[in-house]
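Coordinates from work09.txt are shown below (compact mmCIF, C-alpha atoms).
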# COMPACT_ATOMS: atom_id res chain seq x y z
CA MET A 1 -8.52 13.01 7.11
CA SER A 2 -10.19 10.91 4.43
CA LEU A 3 -12.37 7.94 5.34
CA GLN A 4 -12.68 4.67 3.44
CA ILE A 5 -15.08 1.79 4.06
CA LEU A 6 -13.32 -1.41 3.03
CA PRO A 7 -15.17 -4.73 2.53
CA LEU A 8 -13.23 -7.38 4.42
CA ASP A 9 -11.62 -10.07 2.29
CA PRO A 10 -11.87 -13.43 4.15
CA THR A 11 -8.36 -14.32 2.91
CA ASP A 12 -6.72 -11.07 4.05
CA ARG A 13 -5.08 -11.97 7.37
CA ARG A 14 -3.83 -8.44 8.01
CA ARG A 15 -7.30 -6.90 7.72
CA ILE A 16 -8.83 -9.70 9.77
CA ARG A 17 -6.29 -9.00 12.51
CA GLN A 18 -7.14 -5.27 12.37
CA PHE A 19 -10.86 -6.11 12.60
CA ILE A 20 -10.29 -8.31 15.65
CA ASP A 21 -7.84 -5.93 17.35
CA LEU A 22 -9.94 -2.75 17.10
CA PRO A 23 -12.02 -3.22 20.29
CA PHE A 24 -8.90 -4.19 22.24
CA ARG A 25 -7.70 -0.64 21.55
CA LEU A 26 -11.09 1.02 22.13
CA TYR A 27 -11.60 -0.70 25.50
CA ALA A 28 -7.99 -0.59 26.72
CA GLY A 29 -8.13 -0.10 30.48
CA SER A 30 -11.87 -0.85 30.74
CA ARG A 31 -12.85 -3.06 33.67
CA GLN A 32 -16.31 -3.72 32.20
CA TRP A 33 -15.41 -5.04 28.74
CA VAL A 34 -14.87 -8.80 28.42
CA PRO A 35 -12.80 -9.67 25.33
CA PRO A 36 -13.96 -12.35 22.88
CA PHE A 37 -11.94 -15.39 21.87
CA ARG A 38 -9.78 -14.16 19.00
CA GLY A 39 -9.60 -17.57 17.33
CA GLU A 40 -13.38 -17.97 17.22
CA LEU A 41 -13.88 -14.56 15.62
CA ALA A 42 -11.08 -15.27 13.13
CA ARG A 43 -12.97 -18.43 12.04
CA VAL A 44 -16.09 -16.34 11.42
CA LEU A 45 -14.24 -13.69 9.42
CA ALA A 46 -12.46 -16.34 7.34
CA ARG A 47 -15.89 -17.95 6.73
CA ARG A 48 -14.91 -21.25 8.31
CA HIS A 49 -17.85 -21.11 10.73
CA PRO A 50 -20.89 -23.45 10.35
CA PHE A 51 -23.07 -20.35 9.86
CA PHE A 52 -21.78 -20.11 6.29
CA HIS A 53 -23.14 -23.55 5.43
CA HIS A 54 -26.58 -21.97 5.09
CA SER A 55 -26.18 -18.18 5.21
CA GLU A 56 -23.94 -15.32 4.11
CA ALA A 57 -22.30 -12.24 5.59
CA GLN A 58 -19.99 -9.36 4.74
CA SER A 59 -17.76 -7.47 7.16
CA PHE A 60 -16.51 -3.91 6.70
CA LEU A 61 -13.66 -1.85 8.15
CA ALA A 62 -13.66 1.96 8.39
CA LEU A 63 -10.17 3.34 7.74
CA ARG A 64 -9.04 6.92 8.23
CA SER A 65 -6.63 8.29 5.58
CA GLY A 66 -7.27 5.59 3.00
CA ARG A 67 -6.23 1.96 2.65
CA HIS A 68 -3.12 2.37 4.81
CA GLY A 69 -4.88 4.29 7.56
CA GLU A 70 -5.85 3.40 11.10
CA PRO A 71 -9.07 1.37 11.57
CA VAL A 72 -11.65 3.48 13.40
CA GLY A 73 -14.71 1.25 13.08
CA ARG A 74 -16.07 -2.10 11.94
CA ILE A 75 -19.34 -3.93 11.27
CA THR A 76 -20.67 -7.22 9.85
CA ALA A 77 -23.87 -7.39 7.79
CA TYR A 78 -25.51 -10.77 7.36
CA GLU A 79 -28.62 -12.68 6.41
CA ASN A 80 -29.64 -15.69 8.47
CA ARG A 81 -31.46 -17.55 5.72
CA ALA A 82 -32.68 -20.33 8.02
CA PHE A 83 -34.28 -17.76 10.34
CA ASN A 84 -35.86 -15.85 7.45
CA ARG A 85 -37.21 -19.05 5.94
CA HIS A 86 -38.70 -20.17 9.26
CA ARG A 87 -40.30 -16.77 9.99
CA GLY A 88 -41.26 -15.92 6.41
CA ARG A 89 -39.22 -12.72 6.52
CA ARG A 90 -36.65 -10.87 4.38
CA SER A 91 -34.67 -9.35 7.25
CA GLY A 92 -31.00 -8.46 7.41
CA ARG A 93 -28.94 -8.05 10.56
CA PHE A 94 -25.69 -6.50 11.65
CA TYR A 95 -23.15 -7.52 14.27
CA HIS A 96 -19.57 -6.78 15.44
CA PHE A 97 -20.28 -3.05 15.46
CA GLU A 98 -17.44 -1.17 17.15
CA CYS A 99 -16.45 2.42 16.43
CA GLU A 100 -14.59 5.41 17.74
CA GLN A 101 -16.74 8.42 18.66
CA ASP A 102 -16.80 9.32 14.97
CA GLY A 103 -20.22 10.10 13.52
CA GLU A 104 -19.08 9.92 9.90
CA ALA A 105 -17.41 6.52 10.33
CA ALA A 106 -20.43 5.07 12.16
CA ALA A 107 -22.85 6.44 9.57
CA ARG A 108 -20.94 5.04 6.62
CA LEU A 109 -20.48 1.64 8.27
CA LEU A 110 -24.22 1.38 8.93
CA GLN A 111 -25.02 2.61 5.43
CA SER A 112 -22.69 -0.04 3.97
CA ALA A 113 -24.42 -2.75 5.99
CA CYS A 114 -27.85 -1.55 4.85
CA ALA A 115 -26.71 -1.32 1.22
CA TRP A 116 -25.41 -4.90 1.39
CA ALA A 117 -28.79 -6.06 2.74
CA ARG A 118 -30.74 -4.02 0.20
CA GLY A 119 -28.66 -5.51 -2.62
CA ARG A 120 -29.92 -8.95 -1.60
CA GLY A 121 -33.56 -7.93 -1.57
CA LEU A 122 -33.81 -7.69 2.21
CA THR A 123 -36.41 -5.25 3.48
CA ASP A 124 -35.14 -4.24 6.93
CA VAL A 125 -32.00 -4.39 9.06
CA VAL A 126 -31.91 -5.18 12.79
CA GLY A 127 -28.94 -5.08 15.11
CA PRO A 128 -26.62 -5.47 16.78
CA TYR A 129 -27.56 -9.15 16.75
CA GLY A 130 -25.31 -12.21 17.08
CA PHE A 131 -25.29 -15.13 14.64
CA ALA A 132 -26.86 -17.28 17.38
CA SER A 133 -28.97 -16.33 20.39
CA ILE A 134 -26.11 -17.10 22.77
CA ASP A 135 -23.94 -14.52 20.96
CA GLY A 136 -26.11 -11.78 22.35
CA GLY A 137 -27.18 -8.50 20.86
CA GLY A 138 -28.68 -5.11 21.49
CA LEU A 139 -27.26 -2.00 23.08
CA LEU A 140 -27.02 -1.07 26.73
CA VAL A 141 -29.41 1.59 27.99
CA ASP A 142 -28.04 1.61 31.52
CA GLY A 143 -25.80 -0.54 33.68
CA PHE A 144 -22.57 0.69 32.07
CA GLU A 145 -20.84 0.34 35.45
CA HIS A 146 -21.22 -3.48 35.44
CA ARG A 147 -18.86 -5.96 33.87
CA ALA A 148 -20.27 -7.82 30.88
CA THR A 149 -20.68 -11.56 30.57
CA MET A 150 -18.88 -13.38 27.75
CA THR A 151 -22.18 -14.22 26.07
CA MET A 152 -25.64 -12.71 25.73
CA MET A 153 -25.47 -9.00 26.69
CA HIS A 154 -22.16 -7.41 25.76
CA TYR A 155 -20.61 -4.23 27.11
CA HIS A 156 -20.02 -1.28 24.79
CA LEU A 157 -19.18 2.40 25.02
CA PRO A 158 -22.04 4.74 26.06
CA TYR A 159 -22.00 6.75 22.82
CA TYR A 160 -22.93 3.77 20.62
CA GLY A 161 -26.66 4.28 21.12
CA PRO A 162 -26.62 7.90 19.87
CA LEU A 163 -24.47 6.88 16.87
CA LEU A 164 -27.09 4.33 15.77
CA GLU A 165 -30.03 6.62 16.50
CA ALA A 166 -28.44 9.32 14.34
CA GLU A 167 -28.81 6.91 11.40
CA GLY A 168 -32.50 6.27 12.09
CA PHE A 169 -32.28 3.08 14.14
CA ARG A 170 -34.87 2.76 16.89
CA LYS A 171 -35.53 0.32 19.72
CA GLU A 172 -37.25 -2.88 18.66
CA ARG A 173 -37.60 -4.55 22.07
CA ASP A 174 -36.19 -4.58 25.59
CA PHE A 175 -33.76 -7.19 26.90
CA TYR A 176 -32.93 -7.67 30.56
CA THR A 177 -29.93 -9.21 32.24
CA ALA A 178 -29.48 -10.25 35.86
CA LEU A 179 -26.68 -9.73 38.35
CA ILE A 180 -26.03 -12.72 40.61
CA GLU A 181 -24.01 -12.21 43.77
CA ARG A 182 -21.36 -14.90 44.22
CA SER A 183 -21.96 -15.14 47.98
CA GLY A 184 -25.56 -16.27 47.54
CA PHE A 185 -25.21 -18.40 44.40
CA THR A 186 -25.27 -22.19 44.45
CA VAL A 187 -25.45 -24.65 41.55
CA SER A 188 -28.43 -27.00 41.81
CA ASP A 189 -27.96 -30.76 42.07
CA LYS A 190 -29.80 -31.20 38.77
CA ILE A 191 -27.31 -28.98 36.92
CA ARG A 192 -24.40 -30.82 38.55
CA ARG A 193 -25.78 -34.18 37.39
CA VAL A 194 -26.21 -32.88 33.83
CA VAL A 195 -22.66 -31.53 33.79
CA GLU A 196 -21.25 -34.83 35.10
CA LEU A 197 -23.13 -36.75 32.39
CA ILE A 198 -21.83 -34.45 29.64
CA MET A 199 -18.26 -34.66 30.91
CA LYS A 200 -18.40 -38.48 30.97
CA ARG A 201 -19.16 -38.50 27.24
CA GLY A 202 -15.67 -37.13 26.68
CA ARG A 203 -16.52 -34.42 24.15
CA PHE A 204 -15.65 -31.55 26.48
CA SER A 205 -12.87 -30.73 28.91
CA VAL A 206 -12.30 -27.98 31.46
CA PRO A 207 -8.72 -26.63 31.37
CA GLN A 208 -7.08 -25.80 34.69
CA LEU A 209 -5.25 -22.49 34.21
CA ARG A 210 -2.66 -21.07 36.55
CA SER A 211 -1.91 -17.85 34.70
CA LYS A 212 -3.08 -15.49 31.96
CA ARG A 213 -0.18 -16.72 29.83
CA GLU A 214 -1.64 -20.24 29.86
CA LEU A 215 -5.01 -18.85 28.79
CA LEU A 216 -3.44 -17.11 25.79
CA ARG A 217 -1.91 -20.41 24.66
CA LEU A 218 -5.32 -22.06 24.24
CA PRO A 219 -6.10 -22.72 20.55
CA PHE A 220 -9.49 -20.98 20.55
CA TYR A 221 -8.02 -17.77 21.97
Would you mind giving the structure from this file in structure tokens?
Amino acid sequence: MSLQILPLDPTDRRRIRQFIDLPFRLYAGSRQWVPPFRGELARVLARRHPFFHHSEAQSFLALRSGRHGEPVGRITAYENRAFNRHRGRRSGRFYHFECEQDGEAAARLLQSACAWARGRGLTDVVGPYGFASIDGGGLLVDGFEHRATMTMMHYHLPYYGPLLEAEGFRKERDFYTALIERSGFTVSDKIRRVVELIMKRGRFSVPQLRSKRELLRLPFY
């Protein structure tokens, strides 16, 4: 079957939906994967996120059997201009990498991201890396049996590392995450006071949900 790498048009709602939906298919039945908020990712892909006030990005979809085929992979290449300016670098990054166990699709997605960066005079590409530090990044080396958090270190399929290494990517640094047992965890009084102060300002609220259906009705989901 033929393979096409399609740059994502920020006005194409159908392609944006395919981009967002892909990992929901890849991780169907997984107890470790924690899904993102669809609405938040849709804002990023439509370029309505504050990131685009100072920087730029391009997302790509890998489609089998041409433009009307099934999405088999995705990636976003970007330049954080504020970061590069602060560090005196010309570095590109990639994010949102998800792919079937398809070496050709992964290779061409990564090549497209690198070509996008090279076309803007960037000298290296690092990833996976989120737009902000809280978005997380990197690839798991072990711990695939544990459920991911919604931020920082994400869960992914075990074959992702070999797919990236096949294209010449190598480890830059190690990240560590911690597992906290609920039975022994308590929130400190200082954190409680900070939370109470923030809530009094009225800018945030904590919804009380009784079902998954109510969660899906939230605007950011």
All residues 10 Å or closer to range 87-101 of chain A, all atoms listed in the file, same chain fewer than 5 positions away omitted, as a ChimeraX atom specification: /A:19-20,22-23,25-26,41,57-62,71-82,106,109-110,113-114,116-118,120-131,135-138,156-160,162-163
Shortest interatomic distance to Gly161 in chain A - which of A:Leu215, A:Gln111, A:Gly103, A:Ala42, counting all atoms listed in the file: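 Comparing A:Leu215, A:Gln111, A:Gly103, A:Ala42 against Gly161 in chain A, the winner is A:Gly103.
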Shortest interatomic distance to His146 in chain A - which of A:Ala178, A:Leu209, A:Ala115, A:Val194, counting only C-alpha atoms: A:Ala178
Nearest-residue call for Val44 in chain A, choices A:Leu63, A:Val195, A:Met1, A:Ile16, using all atoms listed in the file: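 The shortest atom-to-atom distance to Val44 in chain A comes from A:Ile16.
Restricting the calculation to only C-alpha atoms, the smallest distance between Ala166 in chain A and any of A:Met199, A:Asp102, A:Ser112, A:Arg193 is found for A:Asp102.
A straight line drawn from CA of Phe175 in chain A to CA of Arg147 in chain A is 16.5 Å long.
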Point-to-point distance from CA of Phe24 in chain A to CA of Thr177 in chain A, Å rounded to tenths: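 Going from CA of Phe24 in chain A over to CA of Thr177 in chain A, I get 23.8 Å.
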A:Leu179, A:Asp12, A:Leu216, A:His54 ranked by distance to Gly143 in chain A, top pick (using all atoms listed in the file):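 Of A:Leu179, A:Asp12, A:Leu216, A:His54, the one nearest Gly143 in chain A is A:Leu179, counting all atoms listed in the file.
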